>>> print(open('entry15.txt').read())   # compact mmCIF, N, CA and C atoms
# COMPACT_ATOMS: atom_id res chain seq x y z
N ARG A 1277 -7.36 11.36 14.36
CA ARG A 1277 -6.88 12.72 14.32
C ARG A 1277 -7.98 13.64 13.85
N GLN A 1278 -8.00 14.84 14.40
CA GLN A 1278 -8.99 15.83 14.00
C GLN A 1278 -8.30 17.11 13.59
N ILE A 1279 -8.98 17.87 12.73
CA ILE A 1279 -8.53 19.19 12.38
C ILE A 1279 -9.68 20.14 12.60
N GLN A 1280 -9.36 21.43 12.71
CA GLN A 1280 -10.39 22.43 12.91
C GLN A 1280 -10.42 23.33 11.70
N SER A 1281 -11.58 23.53 11.13
CA SER A 1281 -11.75 24.40 9.98
C SER A 1281 -12.31 25.72 10.46
N SER A 1282 -11.78 26.81 9.93
CA SER A 1282 -12.31 28.14 10.21
C SER A 1282 -12.96 28.67 8.94
N PHE A 1283 -14.08 29.33 9.11
CA PHE A 1283 -14.81 29.86 7.98
C PHE A 1283 -14.81 31.37 8.07
N GLY A 1284 -15.03 32.05 6.95
CA GLY A 1284 -14.95 33.50 6.87
C GLY A 1284 -15.85 34.25 7.83
N ASP A 1285 -16.92 33.63 8.26
CA ASP A 1285 -17.85 34.31 9.17
C ASP A 1285 -17.51 34.05 10.63
N GLY A 1286 -16.35 33.45 10.89
CA GLY A 1286 -15.92 33.22 12.27
C GLY A 1286 -16.31 31.88 12.84
N ARG A 1287 -17.17 31.13 12.14
CA ARG A 1287 -17.56 29.82 12.65
C ARG A 1287 -16.39 28.85 12.52
N GLN A 1288 -16.35 27.91 13.41
CA GLN A 1288 -15.33 26.87 13.36
C GLN A 1288 -16.00 25.52 13.54
N GLN A 1289 -15.37 24.51 12.95
CA GLN A 1289 -15.94 23.16 13.05
C GLN A 1289 -14.80 22.16 13.09
N ARG A 1290 -14.95 21.14 13.93
CA ARG A 1290 -13.97 20.07 14.00
C ARG A 1290 -14.46 18.89 13.18
N HIS A 1291 -13.55 18.26 12.47
CA HIS A 1291 -13.88 17.05 11.73
C HIS A 1291 -12.62 16.22 11.59
N ARG A 1292 -12.80 14.94 11.29
CA ARG A 1292 -11.66 14.04 11.15
C ARG A 1292 -10.94 14.29 9.84
N ILE A 1293 -9.64 14.07 9.84
CA ILE A 1293 -8.88 14.18 8.61
C ILE A 1293 -9.46 13.17 7.62
N GLY A 1294 -9.69 13.61 6.41
CA GLY A 1294 -10.27 12.75 5.39
C GLY A 1294 -11.76 13.00 5.18
N GLU A 1295 -12.38 13.78 6.07
CA GLU A 1295 -13.79 14.13 5.88
C GLU A 1295 -13.85 15.46 5.15
N LEU A 1296 -14.43 15.45 3.97
CA LEU A 1296 -14.54 16.67 3.19
C LEU A 1296 -15.92 17.26 3.39
N ALA A 1297 -15.97 18.36 4.13
CA ALA A 1297 -17.23 18.99 4.49
C ALA A 1297 -17.51 20.18 3.58
N SER A 1298 -18.77 20.42 3.32
CA SER A 1298 -19.16 21.55 2.49
C SER A 1298 -18.87 22.85 3.23
N PRO A 1299 -18.21 23.81 2.55
CA PRO A 1299 -17.90 25.08 3.19
C PRO A 1299 -19.08 26.04 3.23
N MET A 1300 -20.21 25.63 2.62
CA MET A 1300 -21.39 26.48 2.60
C MET A 1300 -22.62 25.62 2.34
N ALA A 1301 -23.77 26.17 2.65
CA ALA A 1301 -25.02 25.50 2.29
C ALA A 1301 -25.22 25.68 0.80
N GLY A 1302 -25.59 24.61 0.12
CA GLY A 1302 -25.79 24.70 -1.32
C GLY A 1302 -26.15 23.35 -1.92
N VAL A 1303 -26.08 23.28 -3.23
CA VAL A 1303 -26.45 22.07 -3.97
C VAL A 1303 -25.18 21.45 -4.54
N VAL A 1304 -25.05 20.15 -4.38
CA VAL A 1304 -23.92 19.43 -4.96
C VAL A 1304 -24.10 19.45 -6.47
N SER A 1305 -23.13 20.07 -7.17
CA SER A 1305 -23.25 20.18 -8.62
C SER A 1305 -22.40 19.16 -9.37
N GLN A 1306 -21.36 18.65 -8.70
CA GLN A 1306 -20.53 17.62 -9.33
C GLN A 1306 -19.97 16.69 -8.26
N ILE A 1307 -19.92 15.42 -8.60
CA ILE A 1307 -19.16 14.42 -7.84
C ILE A 1307 -18.15 13.89 -8.84
N LEU A 1308 -16.87 14.10 -8.56
CA LEU A 1308 -15.82 13.80 -9.53
C LEU A 1308 -15.09 12.49 -9.26
N VAL A 1309 -15.51 11.77 -8.22
CA VAL A 1309 -14.87 10.50 -7.85
C VAL A 1309 -15.94 9.46 -7.56
N SER A 1310 -15.50 8.22 -7.43
CA SER A 1310 -16.38 7.11 -7.05
C SER A 1310 -15.77 6.42 -5.84
N ASN A 1311 -16.59 5.63 -5.15
CA ASN A 1311 -16.07 4.83 -4.03
C ASN A 1311 -14.93 3.96 -4.53
N GLY A 1312 -13.84 3.91 -3.78
CA GLY A 1312 -12.70 3.08 -4.13
C GLY A 1312 -11.66 3.78 -4.98
N ASP A 1313 -11.96 4.97 -5.48
CA ASP A 1313 -10.98 5.71 -6.27
C ASP A 1313 -9.81 6.16 -5.41
N SER A 1314 -8.62 6.15 -5.99
CA SER A 1314 -7.44 6.72 -5.35
C SER A 1314 -7.43 8.21 -5.68
N VAL A 1315 -7.06 9.02 -4.67
CA VAL A 1315 -6.99 10.46 -4.86
C VAL A 1315 -5.65 10.98 -4.36
N LEU A 1316 -5.27 12.13 -4.88
CA LEU A 1316 -4.03 12.80 -4.50
C LEU A 1316 -4.35 14.06 -3.72
N PRO A 1317 -3.39 14.60 -2.97
CA PRO A 1317 -3.64 15.85 -2.27
C PRO A 1317 -4.07 16.95 -3.23
N PHE A 1318 -5.04 17.73 -2.84
CA PHE A 1318 -5.58 18.86 -3.59
C PHE A 1318 -6.34 18.47 -4.85
N GLN A 1319 -6.60 17.19 -5.03
CA GLN A 1319 -7.40 16.75 -6.19
C GLN A 1319 -8.86 17.13 -5.97
N PRO A 1320 -9.48 17.82 -6.93
CA PRO A 1320 -10.91 18.13 -6.80
C PRO A 1320 -11.73 16.83 -6.78
N VAL A 1321 -12.67 16.75 -5.82
CA VAL A 1321 -13.50 15.55 -5.71
C VAL A 1321 -14.99 15.85 -5.84
N ALA A 1322 -15.38 17.11 -5.60
CA ALA A 1322 -16.79 17.49 -5.71
C ALA A 1322 -16.90 19.00 -5.75
N THR A 1323 -18.05 19.48 -6.21
CA THR A 1323 -18.33 20.92 -6.15
C THR A 1323 -19.71 21.13 -5.55
N VAL A 1324 -19.82 22.24 -4.82
CA VAL A 1324 -21.09 22.66 -4.21
C VAL A 1324 -21.36 24.07 -4.72
N GLU A 1325 -22.61 24.33 -5.11
CA GLU A 1325 -22.96 25.62 -5.70
C GLU A 1325 -24.10 26.26 -4.93
N ALA A 1326 -23.99 27.59 -4.74
CA ALA A 1326 -25.05 28.36 -4.10
C ALA A 1326 -25.02 29.77 -4.66
N MET A 1327 -26.11 30.22 -5.22
CA MET A 1327 -26.23 31.58 -5.75
C MET A 1327 -25.08 31.93 -6.69
N LYS A 1328 -24.76 31.03 -7.61
CA LYS A 1328 -23.71 31.18 -8.62
C LYS A 1328 -22.30 31.20 -8.05
N VAL A 1329 -22.15 30.88 -6.77
CA VAL A 1329 -20.83 30.71 -6.16
C VAL A 1329 -20.54 29.21 -6.15
N ILE A 1330 -19.36 28.84 -6.64
CA ILE A 1330 -18.99 27.43 -6.70
C ILE A 1330 -17.83 27.17 -5.76
N ALA A 1331 -18.00 26.22 -4.88
CA ALA A 1331 -16.93 25.80 -3.97
C ALA A 1331 -16.46 24.41 -4.39
N THR A 1332 -15.15 24.26 -4.56
CA THR A 1332 -14.58 22.97 -4.93
C THR A 1332 -14.04 22.29 -3.69
N LEU A 1333 -14.46 21.06 -3.46
CA LEU A 1333 -13.92 20.26 -2.36
C LEU A 1333 -12.73 19.49 -2.90
N GLU A 1334 -11.59 19.61 -2.21
CA GLU A 1334 -10.36 18.95 -2.63
C GLU A 1334 -9.93 17.94 -1.59
N SER A 1335 -9.33 16.86 -2.06
CA SER A 1335 -8.82 15.86 -1.14
C SER A 1335 -7.71 16.48 -0.29
N PRO A 1336 -7.73 16.24 1.01
CA PRO A 1336 -6.70 16.80 1.87
C PRO A 1336 -5.41 15.97 1.89
N CYS A 1337 -5.46 14.79 1.28
CA CYS A 1337 -4.32 13.88 1.39
C CYS A 1337 -4.37 12.84 0.27
N LYS A 1338 -3.29 12.08 0.17
CA LYS A 1338 -3.29 10.92 -0.73
C LYS A 1338 -4.06 9.81 -0.02
N GLY A 1339 -4.98 9.20 -0.73
CA GLY A 1339 -5.78 8.16 -0.08
C GLY A 1339 -6.79 7.54 -1.02
N THR A 1340 -7.81 6.92 -0.40
CA THR A 1340 -8.86 6.22 -1.14
C THR A 1340 -10.21 6.74 -0.69
N VAL A 1341 -11.09 7.00 -1.65
CA VAL A 1341 -12.45 7.43 -1.35
C VAL A 1341 -13.18 6.24 -0.72
N THR A 1342 -13.69 6.43 0.50
CA THR A 1342 -14.38 5.34 1.20
C THR A 1342 -15.89 5.53 1.26
N ARG A 1343 -16.35 6.78 1.08
CA ARG A 1343 -17.78 7.00 1.19
C ARG A 1343 -18.17 8.31 0.50
N ILE A 1344 -19.27 8.27 -0.21
CA ILE A 1344 -19.85 9.48 -0.80
C ILE A 1344 -21.21 9.66 -0.14
N ASN A 1345 -21.37 10.76 0.58
CA ASN A 1345 -22.56 10.97 1.41
C ASN A 1345 -23.62 11.86 0.77
N ALA A 1346 -23.42 12.27 -0.47
CA ALA A 1346 -24.39 13.13 -1.14
C ALA A 1346 -24.43 12.77 -2.62
N ALA A 1347 -25.48 13.19 -3.28
CA ALA A 1347 -25.64 12.93 -4.70
C ALA A 1347 -25.73 14.27 -5.45
N ILE A 1348 -25.45 14.22 -6.73
CA ILE A 1348 -25.60 15.43 -7.55
C ILE A 1348 -27.04 15.92 -7.45
N GLY A 1349 -27.19 17.22 -7.22
CA GLY A 1349 -28.52 17.81 -7.08
C GLY A 1349 -29.03 17.86 -5.66
N GLU A 1350 -28.34 17.21 -4.75
CA GLU A 1350 -28.77 17.17 -3.34
C GLU A 1350 -28.33 18.44 -2.61
N PHE A 1351 -29.21 18.98 -1.77
CA PHE A 1351 -28.87 20.13 -0.93
C PHE A 1351 -28.05 19.65 0.26
N VAL A 1352 -26.96 20.36 0.56
CA VAL A 1352 -26.14 20.04 1.74
C VAL A 1352 -26.02 21.28 2.61
N GLU A 1353 -25.89 21.06 3.89
CA GLU A 1353 -25.72 22.14 4.86
C GLU A 1353 -24.25 22.51 4.98
N HIS A 1354 -23.99 23.69 5.48
CA HIS A 1354 -22.64 24.10 5.79
C HIS A 1354 -22.06 23.11 6.81
N GLY A 1355 -20.87 22.57 6.54
CA GLY A 1355 -20.23 21.65 7.46
C GLY A 1355 -20.62 20.19 7.29
N GLN A 1356 -21.59 19.92 6.43
CA GLN A 1356 -22.00 18.53 6.20
C GLN A 1356 -20.91 17.79 5.43
N VAL A 1357 -20.56 16.60 5.90
CA VAL A 1357 -19.53 15.80 5.23
C VAL A 1357 -20.10 15.24 3.94
N VAL A 1358 -19.45 15.57 2.82
CA VAL A 1358 -19.91 15.15 1.50
C VAL A 1358 -19.17 13.89 1.05
N ILE A 1359 -17.85 13.87 1.26
CA ILE A 1359 -17.02 12.73 0.82
C ILE A 1359 -16.02 12.39 1.92
N GLU A 1360 -15.75 11.10 2.08
CA GLU A 1360 -14.75 10.65 3.05
C GLU A 1360 -13.61 9.96 2.33
N VAL A 1361 -12.39 10.29 2.73
CA VAL A 1361 -11.18 9.74 2.14
C VAL A 1361 -10.36 9.10 3.25
N LYS A 1362 -9.96 7.84 3.06
CA LYS A 1362 -9.07 7.19 4.02
C LYS A 1362 -7.62 7.49 3.59
N PRO A 1363 -6.87 8.20 4.44
CA PRO A 1363 -5.49 8.52 4.08
C PRO A 1363 -4.64 7.27 3.92
N ASP A 1364 -3.72 7.29 2.94
CA ASP A 1364 -2.75 6.21 2.81
C ASP A 1364 -1.80 6.26 4.01
N GLU A 1365 -1.34 5.11 4.43
CA GLU A 1365 -0.45 5.04 5.59
C GLU A 1365 0.97 5.31 5.20
>>> encode(input="entry15.txt", output="structure tokens")
Amino acid sequence: RQIQSSFGDGRQQRHRIGELASPMAGVVSQILVSNGDSVLPFQPVATVEAMKVIATLESPCKGTVTRINAAIGEFVEHGQVVIEVKPDE
């Protein structure tokens, strides 16, 4: 399954449910989960910071963290998948 994200500047991006993509280019300032952690809907899992603006990435569903694709201090692009969550069935 895929969902489409819309951003304030009119850009749109498709990604799979469970892929948490950065809403902006910036630096990962926090990773709040580890591989294998159980997460709940809307649970904060990471933050990305750019020019004193902080974006919190939240789990879209109840599930398990299967992959962390960035590290604290790493620069990520807009739309880059930072964390992957496998939804519970």
>>> closest_residue(input="entry15.txt", among="A:Val1304, A:Ile1293, A:Ser1298, A:Ala1326", to="Glu1350 (chain A)", atoms="all atoms listed in the file")
A:Val1304
>>> residues_around(input="entry15.txt", residues="Val1315 (chain A)", least_positions_apart="6", cutoff="6 Å", atoms="all atoms listed in the file", output="PyMOL selection string")
chain A and resi 1337-1341
>>> closest_residue(input="entry15.txt", among="A:Val1352, A:Val1358, A:Ala1297, A:Ala1347", to="Glu1325 (chain A)", atoms="only C-alpha atoms")
A:Val1352
>>> axis_aligned_box(input="entry15.txt", around="region 1355-1363 of chain A", padding_each_side="5 Å", output="JSON")
{"center_x": -13.3, "center_y": 14.9, "center_z": 4.1, "size_x": 27.4, "size_y": 25.4, "size_z": 16.6}
>>> select_by_dssp(input="entry15.txt", residues="region 1315-1363 of chain A", states="strand (DSSP E)", output="list in words")
Val1315, Pro1320, Val1321, Ala1322, Thr1323, Val1324, Glu1325, Ala1326, Val1329, Ile1330, Ala1331, Thr1332, Leu1333, Glu1334, Gly1339, Thr1340, Val1341, Thr1342, Arg1343, Ile1344, Phe1351, Val1352, Val1357, Val1358, Ile1359, Glu1360, Val1361, Lys1362 and Pro1363 of chain A
>>> closest_residue(input="entry15.txt", among="A:Glu1365, A:Pro1317, A:Gly1355, A:Gln1306", to="Ile1330 (chain A)", atoms="only C-alpha atoms")
A:Gln1306
>>> atom_distance(input="entry15.txt", atom1="atom C of Pro1363 (chain A)", atom2="atom N of Ile1348 (chain A)")
24.4 Å
>>> residues_around(input="entry15.txt", residues="Val1324 (chain A)", least_positions_apart="4", cutoff="6 Å", atoms="all atoms listed in the file", output="JSON, numbers by chain")
{"A": [1302, 1303, 1304, 1305, 1306, 1329, 1330, 1331, 1332, 1333]}
>>> write_last_selection(input="entry15.txt", atoms="N, CA and C atoms", output="PDB file, keeping the file's coordinate frame")
ATOM      1  N   GLY A1302     -25.590  24.610   0.120  1.00  0.00           N
ATOM      2  CA  GLY A1302     -25.790  24.700  -1.320  1.00  0.00           C
ATOM      3  C   GLY A1302     -26.150  23.350  -1.920  1.00  0.00           C
ATOM      4  N   VAL A1303     -26.080  23.280  -3.230  1.00  0.00           N
ATOM      5  CA  VAL A1303     -26.450  22.070  -3.970  1.00  0.00           C
ATOM      6  C   VAL A1303     -25.180  21.450  -4.540  1.00  0.00           C
ATOM      7  N   VAL A1304     -25.050  20.150  -4.380  1.00  0.00           N
ATOM      8  CA  VAL A1304     -23.920  19.430  -4.960  1.00  0.00           C
ATOM      9  C   VAL A1304     -24.100  19.450  -6.470  1.00  0.00           C
ATOM     10  N   SER A1305     -23.130  20.070  -7.170  1.00  0.00           N
ATOM     11  CA  SER A1305     -23.250  20.180  -8.620  1.00  0.00           C
ATOM     12  C   SER A1305     -22.400  19.160  -9.370  1.00  0.00           C
ATOM     13  N   GLN A1306     -21.360  18.650  -8.700  1.00  0.00           N
ATOM     14  CA  GLN A1306     -20.530  17.620  -9.330  1.00  0.00           C
ATOM     15  C   GLN A1306     -19.970  16.690  -8.260  1.00  0.00           C
ATOM     16  N   VAL A1329     -22.150  30.880  -6.770  1.00  0.00           N
ATOM     17  CA  VAL A1329     -20.830  30.710  -6.160  1.00  0.00           C
ATOM     18  C   VAL A1329     -20.540  29.210  -6.150  1.00  0.00           C
ATOM     19  N   ILE A1330     -19.360  28.840  -6.640  1.00  0.00           N
ATOM     20  CA  ILE A1330     -18.990  27.430  -6.700  1.00  0.00           C
ATOM     21  C   ILE A1330     -17.830  27.170  -5.760  1.00  0.00           C
ATOM     22  N   ALA A1331     -18.000  26.220  -4.880  1.00  0.00           N
ATOM     23  CA  ALA A1331     -16.930  25.800  -3.970  1.00  0.00           C
ATOM     24  C   ALA A1331     -16.460  24.410  -4.390  1.00  0.00           C
ATOM     25  N   THR A1332     -15.150  24.260  -4.560  1.00  0.00           N
ATOM     26  CA  THR A1332     -14.580  22.970  -4.930  1.00  0.00           C
ATOM     27  C   THR A1332     -14.040  22.290  -3.690  1.00  0.00           C
ATOM     28  N   LEU A1333     -14.460  21.060  -3.460  1.00  0.00           N
ATOM     29  CA  LEU A1333     -13.920  20.260  -2.360  1.00  0.00           C
ATOM     30  C   LEU A1333     -12.730  19.490  -2.900  1.00  0.00           C
TER      31      LEU A1333
END
>>> residues_around(input="entry15.txt", residues="Glu1353 (chain A)", least_positions_apart="2", cutoff="5 Å", atoms="all atoms listed in the file", output="list in words")
Met1300, Ala1301, Phe1351, Gly1355 and Gln1356 of chain A
>>> build_atoms(input="entry15.txt", residues="region 1339-1350 of chain A", atoms="all heavy atoms", output="mmCIF file, keeping the file's coordinate frame")
data_model
loop_
_atom_site.group_PDB
_atom_site.id
_atom_site.type_symbol
_atom_site.label_atom_id
_atom_site.label_comp_id
_atom_site.auth_asym_id
_atom_site.auth_seq_id
_atom_site.Cartn_x
_atom_site.Cartn_y
_atom_site.Cartn_z
ATOM 1 N N GLY A 1339 -4.980 9.200 -0.730
ATOM 2 C CA GLY A 1339 -5.780 8.160 -0.080
ATOM 3 C C GLY A 1339 -6.790 7.540 -1.020
ATOM 4 O O GLY A 1339 -6.677 7.643 -2.239
ATOM 5 N N THR A 1340 -7.810 6.920 -0.400
ATOM 6 C CA THR A 1340 -8.860 6.220 -1.140
ATOM 7 C C THR A 1340 -10.210 6.740 -0.690
ATOM 8 O O THR A 1340 -10.470 6.869 0.511
ATOM 9 C CB THR A 1340 -8.764 4.707 -0.864
ATOM 10 O OG1 THR A 1340 -7.454 4.255 -1.218
ATOM 11 C CG2 THR A 1340 -9.791 3.932 -1.660
ATOM 12 N N VAL A 1341 -11.090 7.000 -1.650
ATOM 13 C CA VAL A 1341 -12.450 7.430 -1.350
ATOM 14 C C VAL A 1341 -13.180 6.240 -0.720
ATOM 15 O O VAL A 1341 -13.252 5.160 -1.307
ATOM 16 C CB VAL A 1341 -13.190 7.904 -2.617
ATOM 17 C CG1 VAL A 1341 -14.647 8.233 -2.309
ATOM 18 C CG2 VAL A 1341 -12.473 9.092 -3.239
ATOM 19 N N THR A 1342 -13.690 6.430 0.500
ATOM 20 C CA THR A 1342 -14.380 5.340 1.200
ATOM 21 C C THR A 1342 -15.890 5.530 1.260
ATOM 22 O O THR A 1342 -16.616 4.569 1.475
ATOM 23 C CB THR A 1342 -13.844 5.197 2.637
ATOM 24 O OG1 THR A 1342 -14.004 6.434 3.320
ATOM 25 C CG2 THR A 1342 -12.386 4.777 2.633
ATOM 26 N N ARG A 1343 -16.350 6.780 1.080
ATOM 27 C CA ARG A 1343 -17.780 7.000 1.190
ATOM 28 C C ARG A 1343 -18.170 8.310 0.500
ATOM 29 O O ARG A 1343 -17.476 9.308 0.654
ATOM 30 C CB ARG A 1343 -18.183 7.038 2.650
ATOM 31 C CG ARG A 1343 -19.646 7.038 2.875
ATOM 32 C CD ARG A 1343 -19.952 6.768 4.320
ATOM 33 N NE ARG A 1343 -21.394 6.652 4.442
ATOM 34 C CZ ARG A 1343 -22.000 6.340 5.539
ATOM 35 N NH1 ARG A 1343 -21.310 6.105 6.628
ATOM 36 N NH2 ARG A 1343 -23.299 6.260 5.584
ATOM 37 N N ILE A 1344 -19.270 8.270 -0.210
ATOM 38 C CA ILE A 1344 -19.850 9.480 -0.800
ATOM 39 C C ILE A 1344 -21.210 9.660 -0.140
ATOM 40 O O ILE A 1344 -22.080 8.790 -0.241
ATOM 41 C CB ILE A 1344 -19.959 9.343 -2.324
ATOM 42 C CG1 ILE A 1344 -18.549 9.181 -2.914
ATOM 43 C CG2 ILE A 1344 -20.674 10.552 -2.915
ATOM 44 C CD1 ILE A 1344 -18.503 8.895 -4.388
ATOM 45 N N ASN A 1345 -21.370 10.760 0.580
ATOM 46 C CA ASN A 1345 -22.560 10.970 1.410
ATOM 47 C C ASN A 1345 -23.620 11.860 0.770
ATOM 48 O O ASN A 1345 -24.606 12.203 1.437
ATOM 49 C CB ASN A 1345 -22.138 11.590 2.744
ATOM 50 C CG ASN A 1345 -21.206 10.695 3.511
ATOM 51 O OD1 ASN A 1345 -21.403 9.489 3.592
ATOM 52 N ND2 ASN A 1345 -20.165 11.264 4.085
ATOM 53 N N ALA A 1346 -23.420 12.270 -0.470
ATOM 54 C CA ALA A 1346 -24.390 13.130 -1.140
ATOM 55 C C ALA A 1346 -24.430 12.770 -2.620
ATOM 56 O O ALA A 1346 -23.502 12.162 -3.140
ATOM 57 C CB ALA A 1346 -24.019 14.599 -0.950
ATOM 58 N N ALA A 1347 -25.480 13.190 -3.280
ATOM 59 C CA ALA A 1347 -25.640 12.930 -4.700
ATOM 60 C C ALA A 1347 -25.730 14.270 -5.450
ATOM 61 O O ALA A 1347 -26.056 15.301 -4.848
ATOM 62 C CB ALA A 1347 -26.920 12.125 -4.949
ATOM 63 N N ILE A 1348 -25.450 14.220 -6.730
ATOM 64 C CA ILE A 1348 -25.600 15.430 -7.550
ATOM 65 C C ILE A 1348 -27.040 15.920 -7.450
ATOM 66 O O ILE A 1348 -27.983 15.132 -7.520
ATOM 67 C CB ILE A 1348 -25.218 15.127 -9.012
ATOM 68 C CG1 ILE A 1348 -23.726 14.804 -9.102
ATOM 69 C CG2 ILE A 1348 -25.578 16.304 -9.915
ATOM 70 C CD1 ILE A 1348 -23.268 14.336 -10.458
ATOM 71 N N GLY A 1349 -27.190 17.220 -7.220
ATOM 72 C CA GLY A 1349 -28.520 17.810 -7.080
ATOM 73 C C GLY A 1349 -29.030 17.860 -5.660
ATOM 74 O O GLY A 1349 -30.050 18.497 -5.389
ATOM 75 N N GLU A 1350 -28.340 17.210 -4.750
ATOM 76 C CA GLU A 1350 -28.770 17.170 -3.340
ATOM 77 C C GLU A 1350 -28.330 18.440 -2.610
ATOM 78 O O GLU A 1350 -27.207 18.923 -2.786
ATOM 79 C CB GLU A 1350 -28.169 15.946 -2.657
ATOM 80 C CG GLU A 1350 -28.622 15.759 -1.220
ATOM 81 C CD GLU A 1350 -28.061 14.489 -0.606
ATOM 82 O OE1 GLU A 1350 -27.729 13.550 -1.349
ATOM 83 O OE2 GLU A 1350 -27.967 14.447 0.627
#
